[in-house]
Each structure stands twice: as C-alpha cells, then as structure tokens.
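**Q** Take this structure, written in structure tokens, and hold onto it; I'll ask about it next.
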Amino acid sequence: MAMLPPTVVNVRIREPDSRGFRIWLPLFLLWPLLLLIIGSALTVSIVVDFVGIIVGARYHDYTRLLLGCMQILAETRGTHAHVHGHDDNLVDIDIY
C-alpha cells in the first residue's frame, strides 16, 4: 500500500437526550500544502545528512526520521476510535 496520508476524518458526537452532531473533515484538501512542506523538508534533510556525512558526524539520519514520521502519518488510515463518556456520551472518530 502506498504511503498516503488520511483523506477524511469523520467525527460523531452523541449525547443521550439529543440527536447528536456529525462533522466530516476533508483532509485531502490539505494534501497540496503537505506536499510543499514535506518536499522542502526532505530537501533540507538530505542536504543536512550529506553535510553530516562529509563532516563525519555520528548522527546523520534526519531523512530517515522524516520518512518514518510520514509513514506513521500514513498508518493512521483505518483508525476507528469509540469513546464512551461518564454520562453515556459517545464520541466516534473514523479516519479514512
């Protein structure tokens, strides 16, 4: 599976004596901004790692750290959280 960030977050809040509330957050609209940020961060981290290798620094794995963070973000797809409050309140969060 490709390393794609989440596309949609669906949040539902239900209280015992009410109809509830639902919001759909389209995260795919933020992908162009995320692409610019990640692209520039990868460029900077590759340059810093290259300079670290030339200088002989012990730790020069910034690019691997950044790619690992992107993988963690991509792994949040498919997450379903169901929270029950003390007053029978329900909060359901689905990340697609």
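We label chains A, B, ... in the order they appear in the structure tokens, count residues from 1 in each chain, and number ligands from 1 in the order shown.
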Mind checking which residues fall within 12 Å of Leu42 (chain A), counting only C-alpha atoms, ignoring those fewer than 5 positions away in the same chain, and posting them as an mmCIF file with C-alpha atoms, in the first residue's frame?
**A**
data_model
loop_
_atom_site.group_PDB
_atom_site.id
_atom_site.type_symbol
_atom_site.label_atom_id
_atom_site.label_comp_id
_atom_site.auth_asym_id
_atom_site.auth_seq_id
_atom_site.Cartn_x
_atom_site.Cartn_y
_atom_site.Cartn_z
ATOM 1 C CA LEU A 34 1.517 18.955 2.893
ATOM 2 C CA LEU A 35 3.320 18.139 -0.350
ATOM 3 C CA LEU A 36 5.086 21.512 -0.344
ATOM 4 C CA ILE A 37 6.083 21.225 3.319
ATOM 5 C CA VAL A 47 21.437 18.318 2.409
ATOM 6 C CA VAL A 48 21.954 18.177 6.193
ATOM 7 C CA ASP A 49 22.570 14.421 6.067
ATOM 8 C CA ASP A 61 19.709 10.167 9.808
ATOM 9 C CA TYR A 62 17.353 13.144 9.541
ATOM 10 C CA THR A 63 15.950 11.943 6.225
ATOM 11 C CA ARG A 64 15.144 8.534 7.707
ATOM 12 C CA LEU A 65 13.492 10.270 10.687
ATOM 13 C CA LEU A 66 11.341 12.406 8.373
ATOM 14 C CA LEU A 67 10.329 9.409 6.247
ATOM 15 C CA GLY A 68 9.442 7.487 9.417
ATOM 16 C CA CYS A 69 7.180 10.346 10.543
ATOM 17 C CA MET A 70 5.459 10.308 7.155
#
**Q** If you run DSSP on the backbone here, which positions in chain A get alpha helix (DSSP H)? Please write them as a VMD selection string.
**A** chain A and resid 31 to 55 62 to 75
**Q** Find the residue from A:Arg77, A:Leu90, A:Tyr96, A:Gly56 that sits nearest to Asn10 (chain A); use only C-alpha atoms when measuring.
**A**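 Nearest candidate to Asn10 (chain A) out of A:Arg77, A:Leu90, A:Tyr96, A:Gly56: A:Tyr96.
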**Q** Could you pull the residues within 12 Å of Trp31 (chain A), counting only C-alpha atoms, minus those fewer than 4 positions along the same chain, as an MDAnalysis selection string?
**A** chainID A and resid 4:8 26:27 35:39
**Q** Using only C-alpha atoms, determine which residues lie at most 12 Å from Ile23 (chain A), disregarding the query and same-chain residues fewer than 3 positions distant; provide the list as an MDAnalysis selection string.
**A** chainID A and resid 8:14 20 26 91:94
**Q** So how many Å separate CA of Ala74 (chain A) and CA of Ile95 (chain A), to one decimal?
**A**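 Computing the Euclidean distance for CA of Ala74 (chain A) and CA of Ile95 (chain A) yields 10.6 Å.
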**Q** Hey, which of A:Gly52, A:Ile72, A:Asn89, A:His82 ends up closest to Phe21 (chain A)? Count only C-alpha atoms.
**A** A:Asn89
**Q** Provide the CA of Glu15 (chain A) to CA of Ala81 (chain A) distance in Å, to one decimal place.
**A**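 Going from CA of Glu15 (chain A) over to CA of Ala81 (chain A) covers 16.5 Å.
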**Q** Of the candidates A:Leu33, A:Trp24, A:Ser40, A:Ser45, which one gets nearest to His60 (chain A) if we count only C-alpha atoms?
**A**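 Going through A:Leu33, A:Trp24, A:Ser40, A:Ser45 one by one, the smallest distance to His60 (chain A) is for A:Ser45.
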